[in-house]
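**Q** File name data_28.pdb; file contents PDB, C-alpha atoms; full text below.
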ATOM      1  CA  MET X   1     -54.078 -50.838  86.846
ATOM      2  CA  CYS X   2     -55.565 -48.678  89.546
ATOM      3  CA  SER X   3     -59.201 -47.784  89.020
ATOM      4  CA  VAL X   4     -58.500 -44.083  89.463
ATOM      5  CA  ILE X   5     -56.598 -44.068  86.162
ATOM      6  CA  SER X   6     -58.445 -44.194  82.875
ATOM      7  CA  ARG X   7     -56.827 -44.397  79.467
ATOM      8  CA  VAL X   8     -58.033 -41.842  76.956
ATOM      9  CA  LYS X   9     -56.934 -40.622  73.561
ATOM     10  CA  PRO X  10     -53.982 -38.148  73.455
ATOM     11  CA  VAL X  11     -54.836 -34.669  74.619
ATOM     12  CA  GLN X  12     -56.236 -32.310  71.984
ATOM     13  CA  ARG X  13     -55.215 -28.675  72.004
ATOM     14  CA  VAL X  14     -58.186 -26.937  73.530
ATOM     15  CA  LEU X  15     -58.328 -23.152  73.308
ATOM     16  CA  ALA X  16     -61.634 -22.527  75.089
ATOM     17  CA  LEU X  17     -61.464 -20.023  77.944
ATOM     18  CA  ALA X  18     -61.255 -21.538  81.401
ATOM     19  CA  ARG X  19     -62.896 -20.225  84.511
ATOM     20  CA  THR X  20     -60.349 -19.221  87.134
ATOM     21  CA  ARG X  21     -61.066 -21.296  90.181
ATOM     22  CA  SER X  22     -61.362 -19.819  93.662
ATOM     23  CA  LEU X  23     -59.529 -21.491  96.491
ATOM     24  CA  TRP X  24     -61.668 -23.615  98.775
ATOM     25  CA  THR X  25     -60.863 -21.514 101.794
ATOM     26  CA  HIS X  26     -62.133 -18.342 100.145
ATOM     27  CA  ASN X  27     -65.410 -19.606  98.730
ATOM     28  CA  GLU X  28     -68.709 -18.543 100.224
ATOM     29  CA  GLY X  29     -71.520 -20.908 101.121
ATOM     30  CA  TRP X  30     -70.679 -23.909 103.227
ATOM     31  CA  SER X  31     -72.383 -27.199 103.821
ATOM     32  CA  CYS X  32     -71.490 -29.708 106.497
ATOM     33  CA  THR X  33     -71.107 -33.427 105.967
ATOM     34  CA  THR X  34     -69.412 -36.316 107.724
ATOM     35  CA  THR X  35     -66.706 -38.815 106.884
ATOM     36  CA  ARG X  36     -66.414 -42.400 108.103
ATOM     37  CA  ILE X  37     -63.567 -43.932 110.056
ATOM     38  CA  ARG X  38     -61.278 -46.063 107.870
ATOM     39  CA  ARG X  39     -60.216 -49.501 109.087
ATOM     40  CA  PRO X  40     -56.416 -49.884 109.301
ATOM     41  CA  CYS X  41     -54.574 -52.332 107.058
ATOM     42  CA  ALA X  42     -53.785 -55.616 108.777
ATOM     43  CA  GLY X  43     -50.168 -56.567 109.251
ATOM     44  CA  LEU X  44     -48.592 -53.095 109.493
ATOM     45  CA  ARG X  45     -46.419 -52.267 112.477
ATOM     46  CA  SER X  46     -47.713 -49.726 114.950
ATOM     47  CA  SER X  47     -44.991 -47.257 113.941
ATOM     48  CA  PHE X  48     -46.497 -47.244 110.475
ATOM     49  CA  GLU X  49     -50.143 -47.390 111.468
ATOM     50  CA  PRO X  50     -52.275 -46.260 108.525
ATOM     51  CA  LEU X  51     -53.705 -42.787 108.987
ATOM     52  CA  ARG X  52     -57.465 -42.753 109.410
ATOM     53  CA  ALA X  53     -59.860 -39.910 108.828
ATOM     54  CA  SER X  54     -61.627 -39.128 112.088
ATOM     55  CA  SER X  55     -65.396 -39.366 112.334
ATOM     56  CA  ARG X  56     -66.173 -35.687 112.609
ATOM     57  CA  LEU X  57     -67.843 -32.814 110.845
ATOM     58  CA  TYR X  58     -65.991 -30.840 108.241
ATOM     59  CA  CYS X  59     -67.136 -28.014 106.003
ATOM     60  CA  SER X  60     -67.085 -28.180 102.237
ATOM     61  CA  SER X  61     -67.725 -25.433  99.737
ATOM     62  CA  MET X  62     -70.934 -25.220  97.743
ATOM     63  CA  ASN X  63     -68.705 -24.222  94.818
ATOM     64  CA  GLN X  64     -68.049 -27.111  92.445
ATOM     65  CA  GLY X  65     -64.285 -26.618  92.361
ATOM     66  CA  PRO X  66     -61.867 -28.959  94.150
ATOM     67  CA  VAL X  67     -60.358 -28.399  97.554
ATOM     68  CA  PHE X  68     -56.866 -27.050  96.867
ATOM     69  CA  ARG X  69     -53.746 -26.602  98.960
ATOM     70  CA  GLN X  70     -50.276 -25.428  97.918
ATOM     71  CA  LEU X  71     -47.530 -26.442 100.372
ATOM     72  CA  PHE X  72     -43.852 -25.430 100.418
ATOM     73  CA  GLU X  73     -40.668 -27.287 101.388
ATOM     74  CA  PRO X  74     -37.915 -24.687 101.990
ATOM     75  CA  GLN X  75     -34.742 -26.789 101.587
ATOM     76  CA  SER X  76     -35.381 -27.695  97.936
ATOM     77  CA  CYS X  77     -37.966 -24.940  97.350
ATOM     78  CA  THR X  78     -40.450 -27.608  96.282
ATOM     79  CA  TYR X  79     -44.208 -27.132  96.045
ATOM     80  CA  THR X  80     -46.481 -30.014  97.017
ATOM     81  CA  TYR X  81     -50.116 -29.825  95.957
ATOM     82  CA  VAL X  82     -53.225 -31.445  97.410
ATOM     83  CA  LEU X  83     -56.471 -31.511  95.413
ATOM     84  CA  ALA X  84     -59.679 -33.119  96.642
ATOM     85  CA  ASP X  85     -63.306 -33.516  95.724
ATOM     86  CA  PRO X  86     -65.325 -31.592  98.364
ATOM     87  CA  GLN X  87     -68.164 -34.130  98.400
ATOM     88  CA  SER X  88     -66.467 -37.551  98.254
ATOM     89  CA  ARG X  89     -63.231 -36.298  99.922
ATOM     90  CA  GLU X  90     -61.193 -38.351  97.437
ATOM     91  CA  ALA X  91     -57.873 -36.624  96.835
ATOM     92  CA  VAL X  92     -54.543 -36.657  95.011
ATOM     93  CA  ILE X  93     -51.187 -35.320  96.180
ATOM     94  CA  ILE X  94     -48.581 -34.041  93.719
ATOM     95  CA  ASP X  95     -44.817 -34.098  94.348
ATOM     96  CA  PRO X  96     -44.779 -34.952  98.082
ATOM     97  CA  VAL X  97     -41.420 -34.488  99.823
ATOM     98  CA  LEU X  98     -39.925 -36.865 102.390
ATOM     99  CA  ASP X  99     -38.900 -34.053 104.750
ATOM    100  CA  THR X 100     -42.504 -32.840 105.032
ATOM    101  CA  LEU X 101     -44.259 -36.210 105.239
ATOM    102  CA  ASP X 102     -45.648 -35.612 108.736
ATOM    103  CA  ARG X 103     -46.890 -32.149 107.825
ATOM    104  CA  ASP X 104     -48.725 -33.476 104.777
ATOM    105  CA  LEU X 105     -50.279 -36.381 106.687
ATOM    106  CA  LYS X 106     -51.467 -33.978 109.380
ATOM    107  CA  LEU X 107     -53.218 -31.793 106.796
ATOM    108  CA  ILE X 108     -54.783 -34.823 105.094
ATOM    109  CA  HIS X 109     -56.109 -35.972 108.460
ATOM    110  CA  GLU X 110     -57.395 -32.524 109.416
ATOM    111  CA  LEU X 111     -59.309 -32.167 106.148
ATOM    112  CA  GLY X 112     -60.696 -35.700 106.349
ATOM    113  CA  LEU X 113     -59.323 -36.665 102.934
ATOM    114  CA  SER X 114     -58.950 -40.091 101.334
ATOM    115  CA  VAL X 115     -55.854 -39.743  99.146
ATOM    116  CA  LYS X 116     -55.983 -42.125  96.195
ATOM    117  CA  VAL X 117     -52.811 -41.263  94.253
ATOM    118  CA  ALA X 118     -49.431 -39.723  95.092
ATOM    119  CA  VAL X 119     -48.020 -38.603  91.751
ATOM    120  CA  ASN X 120     -44.537 -37.328  90.998
ATOM    121  CA  THR X 121     -44.197 -35.078  87.973
ATOM    122  CA  HIS X 122     -40.750 -36.619  87.291
ATOM    123  CA  CYS X 123     -37.807 -38.290  89.017
ATOM    124  CA  HIS X 124     -36.574 -35.354  91.092
ATOM    125  CA  ALA X 125     -32.869 -34.663  91.609
ATOM    126  CA  ASP X 126     -33.075 -32.195  94.511
ATOM    127  CA  HIS X 127     -35.215 -34.004  97.079
ATOM    128  CA  ILE X 128     -36.495 -37.467  97.957
ATOM    129  CA  THR X 129     -40.154 -38.219  97.377
ATOM    130  CA  SER X 130     -42.308 -39.330 100.305
ATOM    131  CA  SER X 131     -44.699 -41.349  98.144
ATOM    132  CA  GLY X 132     -43.229 -44.715  99.180
ATOM    133  CA  LEU X 133     -43.444 -44.054 102.921
ATOM    134  CA  MET X 134     -46.797 -42.315 102.524
ATOM    135  CA  LYS X 135     -48.204 -45.568 101.121
ATOM    136  CA  LYS X 136     -47.348 -47.217 104.430
ATOM    137  CA  ARG X 137     -49.379 -44.612 106.291
ATOM    138  CA  LEU X 138     -52.443 -44.181 104.071
ATOM    139  CA  VAL X 139     -54.763 -47.074 103.267
ATOM    140  CA  GLY X 140     -55.199 -47.731  99.548
ATOM    141  CA  LEU X 141     -52.745 -45.078  98.345
ATOM    142  CA  LYS X 142     -51.085 -45.728  94.962
ATOM    143  CA  SER X 143     -47.910 -44.092  93.648
ATOM    144  CA  ALA X 144     -47.683 -42.790  90.084
ATOM    145  CA  ILE X 145     -44.972 -41.481  87.763
ATOM    146  CA  SER X 146     -44.321 -41.363  84.022
ATOM    147  CA  LYS X 147     -43.525 -44.661  82.344
ATOM    148  CA  ASN X 148     -40.610 -42.830  80.685
ATOM    149  CA  SER X 149     -38.989 -41.910  84.006
ATOM    150  CA  GLY X 150     -37.419 -45.323  84.650
ATOM    151  CA  ALA X 151     -38.733 -45.144  88.216
ATOM    152  CA  ALA X 152     -40.823 -47.685  90.095
ATOM    153  CA  ALA X 153     -44.455 -46.869  90.911
ATOM    154  CA  ASP X 154     -47.810 -48.605  91.118
ATOM    155  CA  ILE X 155     -49.079 -46.614  88.145
ATOM    156  CA  GLN X 156     -46.974 -45.895  85.061
ATOM    157  CA  LEU X 157     -48.427 -42.809  83.411
ATOM    158  CA  SER X 158     -48.759 -42.103  79.683
ATOM    159  CA  GLU X 159     -50.014 -39.220  77.559
ATOM    160  CA  GLY X 160     -53.750 -38.702  77.993
ATOM    161  CA  ASP X 161     -54.175 -40.763  81.161
ATOM    162  CA  GLU X 162     -56.694 -39.386  83.633
ATOM    163  CA  ILE X 163     -56.233 -39.448  87.390
ATOM    164  CA  THR X 164     -59.688 -39.185  88.930
ATOM    165  CA  PHE X 165     -60.647 -38.050  92.423
ATOM    166  CA  GLY X 166     -64.385 -37.885  92.999
ATOM    167  CA  LYS X 167     -65.970 -36.017  90.111
ATOM    168  CA  HIS X 168     -62.705 -34.267  89.232
ATOM    169  CA  SER X 169     -59.722 -35.453  87.234
ATOM    170  CA  LEU X 170     -56.221 -34.522  86.139
ATOM    171  CA  THR X 171     -55.098 -35.305  82.588
ATOM    172  CA  VAL X 172     -51.497 -36.283  81.914
ATOM    173  CA  ARG X 173     -49.573 -34.334  79.285
ATOM    174  CA  GLU X 174     -46.070 -35.587  78.585
ATOM    175  CA  THR X 175     -43.662 -32.617  78.700
ATOM    176  CA  PRO X 176     -40.127 -34.021  78.360
ATOM    177  CA  GLY X 177     -37.007 -31.915  78.047
ATOM    178  CA  HIS X 178     -35.911 -31.372  81.633
ATOM    179  CA  THR X 179     -35.994 -35.174  81.875
ATOM    180  CA  ASP X 180     -37.519 -37.794  79.589
ATOM    181  CA  GLY X 181     -40.078 -38.614  82.276
ATOM    182  CA  CYS X 182     -41.553 -35.169  82.919
ATOM    183  CA  VAL X 183     -45.333 -34.783  82.856
ATOM    184  CA  SER X 184     -47.711 -31.901  83.440
ATOM    185  CA  LEU X 185     -51.117 -32.487  85.034
ATOM    186  CA  VAL X 186     -54.088 -30.466  83.804
ATOM    187  CA  LEU X 187     -57.384 -30.140  85.676
ATOM    188  CA  SER X 188     -60.317 -31.375  83.603
ATOM    189  CA  ASP X 189     -61.761 -27.885  82.978
ATOM    190  CA  HIS X 190     -58.310 -26.524  82.032
ATOM    191  CA  SER X 191     -58.365 -23.960  84.823
ATOM    192  CA  MET X 192     -55.179 -25.259  86.505
ATOM    193  CA  ALA X 193     -51.994 -26.948  85.287
ATOM    194  CA  PHE X 194     -49.278 -28.485  87.452
ATOM    195  CA  THR X 195     -46.175 -28.234  85.309
ATOM    196  CA  GLY X 196     -43.492 -29.877  87.437
ATOM    197  CA  ASP X 197     -39.987 -28.780  86.463
ATOM    198  CA  ALA X 198     -40.867 -28.207  82.806
ATOM    199  CA  LEU X 199     -42.362 -24.714  83.097
ATOM    200  CA  LEU X 200     -41.462 -22.586  86.109
ATOM    201  CA  ILE X 201     -42.637 -19.051  86.882
ATOM    202  CA  ARG X 202     -40.556 -16.868  84.547
ATOM    203  CA  GLY X 203     -38.226 -19.769  83.976
ATOM    204  CA  CYS X 204     -38.002 -23.483  83.158
ATOM    205  CA  GLY X 205     -36.215 -26.636  84.209
ATOM    206  CA  ARG X 206     -32.543 -27.021  83.362
ATOM    207  CA  THR X 207     -31.597 -29.274  80.445
ATOM    208  CA  ASP X 208     -27.969 -30.183  81.162
ATOM    209  CA  PHE X 209     -28.463 -33.523  82.974
ATOM    210  CA  GLN X 210     -30.905 -36.488  83.303
ATOM    211  CA  GLN X 211     -31.628 -36.810  79.557
ATOM    212  CA  GLY X 212     -32.158 -33.060  79.294
ATOM    213  CA  CYS X 213     -32.763 -31.556  75.851
ATOM    214  CA  ALA X 214     -33.447 -27.851  75.291
ATOM    215  CA  THR X 215     -35.167 -28.361  71.946
ATOM    216  CA  LYS X 216     -37.459 -31.016  73.374
ATOM    217  CA  LEU X 217     -38.334 -28.845  76.391
ATOM    218  CA  TYR X 218     -39.164 -25.820  74.216
ATOM    219  CA  GLU X 219     -41.457 -27.910  72.013
ATOM    220  CA  SER X 220     -43.105 -29.581  75.016
ATOM    221  CA  ILE X 221     -43.984 -26.279  76.663
ATOM    222  CA  HIS X 222     -45.156 -24.549  73.507
ATOM    223  CA  GLN X 223     -47.219 -27.523  72.306
ATOM    224  CA  LYS X 224     -48.587 -28.940  75.568
ATOM    225  CA  ILE X 225     -48.789 -25.982  77.992
ATOM    226  CA  PHE X 226     -48.911 -22.757  75.991
ATOM    227  CA  THR X 227     -51.861 -24.170  74.030
ATOM    228  CA  LEU X 228     -53.986 -24.175  77.202
ATOM    229  CA  PRO X 229     -56.402 -21.252  77.766
ATOM    230  CA  ASP X 230     -54.745 -17.927  78.527
ATOM    231  CA  HIS X 231     -56.074 -17.774  82.070
ATOM    232  CA  CYS X 232     -55.173 -21.333  83.024
ATOM    233  CA  LEU X 233     -53.262 -21.104  86.299
ATOM    234  CA  ILE X 234     -49.694 -22.424  86.253
ATOM    235  CA  TYR X 235     -48.444 -24.178  89.396
ATOM    236  CA  PRO X 236     -44.787 -25.306  89.134
ATOM    237  CA  ALA X 237     -42.885 -27.842  91.234
ATOM    238  CA  HIS X 238     -40.392 -25.233  92.426
ATOM    239  CA  ASP X 239     -39.878 -21.529  92.930
ATOM    240  CA  TYR X 240     -36.829 -19.830  94.397
ATOM    241  CA  LEU X 241     -38.145 -16.258  94.615
ATOM    242  CA  GLY X 242     -41.350 -16.634  96.613
ATOM    243  CA  GLN X 243     -43.650 -16.676  93.585
ATOM    244  CA  THR X 244     -46.607 -19.025  93.902
ATOM    245  CA  VAL X 245     -48.657 -19.006  90.697
ATOM    246  CA  SER X 246     -48.696 -17.678  87.160
ATOM    247  CA  THR X 247     -50.912 -18.020  84.075
ATOM    248  CA  VAL X 248     -50.398 -19.338  80.576
ATOM    249  CA  VAL X 249     -50.701 -15.876  79.034
ATOM    250  CA  GLU X 250     -48.167 -14.394  81.479
ATOM    251  CA  GLU X 251     -45.564 -17.045  80.762
ATOM    252  CA  ARG X 252     -46.140 -16.918  77.033
ATOM    253  CA  ARG X 253     -45.540 -13.149  77.062
ATOM    254  CA  PHE X 254     -43.077 -12.545  79.874
ATOM    255  CA  ASN X 255     -41.037 -15.706  80.418
ATOM    256  CA  PRO X 256     -37.523 -14.452  79.591
ATOM    257  CA  ARG X 257     -36.522 -17.801  78.092
ATOM    258  CA  LEU X 258     -39.660 -19.197  76.505
ATOM    259  CA  SER X 259     -40.854 -15.957  74.904
ATOM    260  CA  LYS X 260     -37.806 -16.267  72.624
ATOM    261  CA  ASN X 261     -37.589 -18.327  69.450
ATOM    262  CA  LEU X 262     -36.199 -21.866  69.556
ATOM    263  CA  GLU X 263     -32.656 -20.942  68.512
ATOM    264  CA  GLU X 264     -32.407 -18.218  71.155
ATOM    265  CA  PHE X 265     -33.839 -20.537  73.808
ATOM    266  CA  VAL X 266     -31.337 -23.289  73.048
ATOM    267  CA  ASN X 267     -28.490 -20.775  73.277
ATOM    268  CA  ILE X 268     -29.759 -19.472  76.641
ATOM    269  CA  MET X 269     -29.993 -22.980  78.085
ATOM    270  CA  LYS X 270     -26.544 -23.895  76.779
ATOM    271  CA  ASN X 271     -24.961 -21.003  78.647
ATOM    272  CA  LEU X 272     -26.627 -21.211  82.068
ATOM    273  CA  ASN X 273     -23.540 -22.869  83.614
ATOM    274  CA  LEU X 274     -25.437 -24.103  86.664
ATOM    275  CA  PRO X 275     -23.733 -26.091  89.446
ATOM    276  CA  LYS X 276     -24.548 -29.760  89.922
ATOM    277  CA  PRO X 277     -27.547 -30.237  92.259
ATOM    278  CA  LYS X 278     -26.065 -30.999  95.669
ATOM    279  CA  ASN X 279     -28.494 -33.840  96.432
ATOM    280  CA  ILE X 280     -28.598 -35.515  93.023
ATOM    281  CA  ASP X 281     -26.420 -38.494  93.975
ATOM    282  CA  VAL X 282     -28.763 -39.339  96.841
ATOM    283  CA  ALA X 283     -32.115 -38.157  95.513
ATOM    284  CA  VAL X 284     -32.163 -39.805  92.084
ATOM    285  CA  PRO X 285     -31.334 -43.365  93.240
ATOM    286  CA  ALA X 286     -33.904 -43.047  96.020
ATOM    287  CA  ASN X 287     -36.586 -41.671  93.736
ATOM    288  CA  LEU X 288     -36.060 -44.474  91.241
ATOM    289  CA  VAL X 289     -37.456 -46.770  93.956
ATOM    290  CA  CYS X 290     -40.301 -44.513  95.121
ATOM    291  CA  GLY X 291     -38.171 -42.932  97.855
ATOM    292  CA  LEU X 292     -37.662 -46.245  99.674
ATOM    293  CA  HIS X 293     -33.856 -46.180  99.568
TER     294      HIS X 293
END
Can you turn what I pasted into structure tokens?
**A**
Amino acid sequence: MCSVISRVKPVQRVLALARTRSLWTHNEGWSCTTTRIRRPCAGLRSSFEPLRASSRLYCSSMNQGPVFRQLFEPQSCTYTYVLADPQSREAVIIDPVLDTLDRDLKLIHELGLSVKVAVNTHCHADHITSSGLMKKRLVGLKSAISKNSGAAADIQLSEGDEITFGKHSLTVRETPGHTDGCVSLVLSDHSMAFTGDALLIRGCGRTDFQQGCATKLYESIHQKIFTLPDHCLIYPAHDYLGQTVSTVVEERRFNPRLSKNLEEFVNIMKNLNLPKPKNIDVAVPANLVCGLH
């Protein structure tokens, strides 16, 4: 088991108010520090030479919040997230996409980050994860996904697990319904939640394939996400309308599906009549093996 994961008791429903976190790039007060050059892994071909952080100065915020970046992949409308500790530069990446691997590696290099875990919120059906190939390029990187997903990864996640990066951590909350292996990742102070395909901005993941269950999804969101503080920021895995972030209180009040009762929600999901995802026959088999198809 990777040392960045710690097993804890199942998540309690915490209703304390969370402080909304400012983005690293907008914080005031900067301090400069340096990062060391990493040694490459022996035995890798030059075409897959591990990426090394350059020995240079970078600026980190005096604020105690993590470095945060939200990145977008336009073909599948997928959001990839990078979070890092500003002092140690340890980082995690959430839902990386194969098509944007080089972009993500470039940003990681520019920020001088040491990415410890690449975590997928579930086995995606609309794109192929880059976590497998990213492991070939970043020294010490581990892949992670829910143990209920049926997919291969270095770390099999369960309810209450903590993914640590420096002094920060993300806690795993199992939120099945879109698939059996869906998880949401909650920052330790409950100021941010990465909800994958379970809760979207004014929407939610479909429930008509990959072990989908409308009742299970409704209960997951209401019990595991809507119990977070009102001002907890919601960051989904996808958005198709250009929306980037929401809050728990917004979704609880204004989500046109999840503001309804369970019976109404189930009826809505039953009648969506969505087309089959065009990449599902390629993406799912690849993602079951960490994208290394």
**Q** Interatomic distance between atom CA of X:Pro66 and atom CA of X:Val115?
**A**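 Here the two named atoms are 13.3 Å from each other.
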**Q** With the file shown as input, list the residues that the PyMOL selection byres ((chain X and resi 147) around 8) selects, as a list in words.
**A** Ile145, Ser146, Asn148, Ser149, Gly150, Ala151, Gln156, Leu157, Ser158 and Gly181 of chain X
**Q** Evaluate the PyMOL selection byres ((chain X and resi 142) around 6) against this structure - the residues, as a CSV table (one decimal) with C-alpha atoms, in the frame of the given file, please.
**A**
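Wrote result.csv, looks like this:
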chain,number,residue,atom,x,y,z
X,117,VAL,CA,-52.8,-41.3,94.3
X,141,LEU,CA,-52.7,-45.1,98.3
X,143,SER,CA,-47.9,-44.1,93.6
X,154,ASP,CA,-47.8,-48.6,91.1
**Q** Do you have, as CSV, the list of residues of stretch 130-195 of chain X lying at most 10 Å from stretch 204-217 of chain X, each with its nearest atom pair and that distance in Å to one decimal, counting only C-alpha atoms and ordered by chain then number?
**A**
residue,atom,partner,partner_atom,distance
X:Ser149,CA,X:Gln210,CA,9.8
X:Thr175,CA,X:Leu217,CA,6.9
X:Pro176,CA,X:Leu217,CA,5.8
X:Gly177,CA,X:Leu217,CA,3.7
X:His178,CA,X:Gly212,CA,4.7
X:Thr179,CA,X:Gly212,CA,5.1
X:Asp180,CA,X:Gln211,CA,6.0
X:Gly181,CA,X:Gln211,CA,9.1
X:Cys182,CA,X:Leu217,CA,9.6
X:Thr195,CA,X:Cys204,CA,9.7
**Q** Selected by the PyMOL selection byres ((chain X and resi 235-250) around 9) in the shown coordinates: which residues, as a compact mmCIF listing (two decimals) with C-alpha atoms, keeping the file's coordinate frame?
**A**
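result30.txt was written with the following content:
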# COMPACT_ATOMS: atom_id res chain seq x y z
CA GLN X 70 -50.28 -25.43 97.92
CA PHE X 72 -43.85 -25.43 100.42
CA SER X 76 -35.38 -27.70 97.94
CA CYS X 77 -37.97 -24.94 97.35
CA THR X 78 -40.45 -27.61 96.28
CA TYR X 79 -44.21 -27.13 96.04
CA THR X 80 -46.48 -30.01 97.02
CA TYR X 81 -50.12 -29.82 95.96
CA ILE X 94 -48.58 -34.04 93.72
CA ASP X 95 -44.82 -34.10 94.35
CA THR X 121 -44.20 -35.08 87.97
CA MET X 192 -55.18 -25.26 86.50
CA ALA X 193 -51.99 -26.95 85.29
CA PHE X 194 -49.28 -28.48 87.45
CA THR X 195 -46.18 -28.23 85.31
CA GLY X 196 -43.49 -29.88 87.44
CA ASP X 197 -39.99 -28.78 86.46
CA ALA X 198 -40.87 -28.21 82.81
CA LEU X 199 -42.36 -24.71 83.10
CA LEU X 200 -41.46 -22.59 86.11
CA ILE X 201 -42.64 -19.05 86.88
CA ARG X 202 -40.56 -16.87 84.55
CA ILE X 225 -48.79 -25.98 77.99
CA PHE X 226 -48.91 -22.76 75.99
CA THR X 227 -51.86 -24.17 74.03
CA LEU X 228 -53.99 -24.18 77.20
CA PRO X 229 -56.40 -21.25 77.77
CA ASP X 230 -54.74 -17.93 78.53
CA HIS X 231 -56.07 -17.77 82.07
CA CYS X 232 -55.17 -21.33 83.02
CA LEU X 233 -53.26 -21.10 86.30
CA ILE X 234 -49.69 -22.42 86.25
CA GLU X 251 -45.56 -17.05 80.76
CA ARG X 252 -46.14 -16.92 77.03
CA ARG X 253 -45.54 -13.15 77.06
CA PHE X 254 -43.08 -12.54 79.87
CA ASN X 255 -41.04 -15.71 80.42
**Q** Please measure the separation of atom CA of X:Leu101 and atom CA of X:Lys135, giving the value in Å to one decimal.
**A** 11.0 Å
**Q** So that all listed atoms of stretch 182-185 of chain X fit with 8 Å spare on each side, what axis-aligned box centre and edge lengths in Å, to one decimal, would you give as lines of an AutoDock Vina configuration file?
**A**
center_x = -46.3
center_y = -33.5
center_z = 83.9
size_x = 25.6
size_y = 19.3
size_z = 18.2
**Q** Atom CA of X:Cys123 and atom CA of X:Pro275, how far apart in Å?
**A** 18.6 Å
**Q** Taking the structure I provided as the source, export stretch 81-93 of chain X with N, CA, C and O atoms, as a PDB file, in the first residue's frame.
**A**
ATOM      1  N   TYR X  81      -7.847  17.926 -12.508  1.00  0.00           N
ATOM      2  CA  TYR X  81      -7.491  18.818 -11.404  1.00  0.00           C
ATOM      3  C   TYR X  81      -6.106  18.464 -10.860  1.00  0.00           C
ATOM      4  O   TYR X  81      -5.773  17.285 -10.720  1.00  0.00           O
ATOM      5  N   VAL X  82      -5.335  19.491 -10.563  1.00  0.00           N
ATOM      6  CA  VAL X  82      -4.038  19.334  -9.917  1.00  0.00           C
ATOM      7  C   VAL X  82      -4.081  20.086  -8.596  1.00  0.00           C
ATOM      8  O   VAL X  82      -4.447  21.273  -8.561  1.00  0.00           O
ATOM      9  N   LEU X  83      -3.741  19.414  -7.509  1.00  0.00           N
ATOM     10  CA  LEU X  83      -3.633  20.029  -6.191  1.00  0.00           C
ATOM     11  C   LEU X  83      -2.255  19.718  -5.633  1.00  0.00           C
ATOM     12  O   LEU X  83      -1.765  18.595  -5.776  1.00  0.00           O
ATOM     13  N   ALA X  84      -1.637  20.712  -4.997  1.00  0.00           N
ATOM     14  CA  ALA X  84      -0.283  20.521  -4.482  1.00  0.00           C
ATOM     15  C   ALA X  84      -0.083  21.295  -3.199  1.00  0.00           C
ATOM     16  O   ALA X  84      -0.709  22.341  -2.967  1.00  0.00           O
ATOM     17  N   ASP X  85       0.802  20.773  -2.372  1.00  0.00           N
ATOM     18  CA  ASP X  85       1.211  21.476  -1.164  1.00  0.00           C
ATOM     19  C   ASP X  85       2.245  22.533  -1.559  1.00  0.00           C
ATOM     20  O   ASP X  85       3.254  22.196  -2.195  1.00  0.00           O
ATOM     21  N   PRO X  86       2.037  23.810  -1.213  1.00  0.00           N
ATOM     22  CA  PRO X  86       2.951  24.861  -1.675  1.00  0.00           C
ATOM     23  C   PRO X  86       4.342  24.794  -1.069  1.00  0.00           C
ATOM     24  O   PRO X  86       5.279  25.337  -1.642  1.00  0.00           O
ATOM     25  N   GLN X  87       4.506  24.119   0.063  1.00  0.00           N
ATOM     26  CA  GLN X  87       5.830  24.014   0.670  1.00  0.00           C
ATOM     27  C   GLN X  87       6.593  22.789   0.164  1.00  0.00           C
ATOM     28  O   GLN X  87       7.691  22.893  -0.368  1.00  0.00           O
ATOM     29  N   SER X  88       6.012  21.606   0.299  1.00  0.00           N
ATOM     30  CA  SER X  88       6.715  20.374  -0.087  1.00  0.00           C
ATOM     31  C   SER X  88       6.666  20.123  -1.590  1.00  0.00           C
ATOM     32  O   SER X  88       7.475  19.363  -2.108  1.00  0.00           O
ATOM     33  N   ARG X  89       5.709  20.741  -2.291  1.00  0.00           N
ATOM     34  CA  ARG X  89       5.453  20.558  -3.719  1.00  0.00           C
ATOM     35  C   ARG X  89       4.909  19.168  -4.049  1.00  0.00           C
ATOM     36  O   ARG X  89       4.820  18.801  -5.228  1.00  0.00           O
ATOM     37  N   GLU X  90       4.554  18.370  -3.044  1.00  0.00           N
ATOM     38  CA  GLU X  90       3.875  17.110  -3.312  1.00  0.00           C
ATOM     39  C   GLU X  90       2.484  17.403  -3.870  1.00  0.00           C
ATOM     40  O   GLU X  90       1.822  18.349  -3.443  1.00  0.00           O
ATOM     41  N   ALA X  91       2.055  16.576  -4.829  1.00  0.00           N
ATOM     42  CA  ALA X  91       0.815  16.879  -5.537  1.00  0.00           C
ATOM     43  C   ALA X  91       0.034  15.614  -5.865  1.00  0.00           C
ATOM     44  O   ALA X  91       0.558  14.499  -5.819  1.00  0.00           O
ATOM     45  N   VAL X  92      -1.243  15.815  -6.193  1.00  0.00           N
ATOM     46  CA  VAL X  92      -2.098  14.767  -6.749  1.00  0.00           C
ATOM     47  C   VAL X  92      -2.727  15.314  -8.020  1.00  0.00           C
ATOM     48  O   VAL X  92      -2.909  16.526  -8.166  1.00  0.00           O
ATOM     49  N   ILE X  93      -3.060  14.423  -8.945  1.00  0.00           N
ATOM     50  CA  ILE X  93      -3.796  14.798 -10.145  1.00  0.00           C
ATOM     51  C   ILE X  93      -5.042  13.933 -10.223  1.00  0.00           C
ATOM     52  O   ILE X  93      -4.990  12.728  -9.961  1.00  0.00           O
TER      53      ILE X  93
END
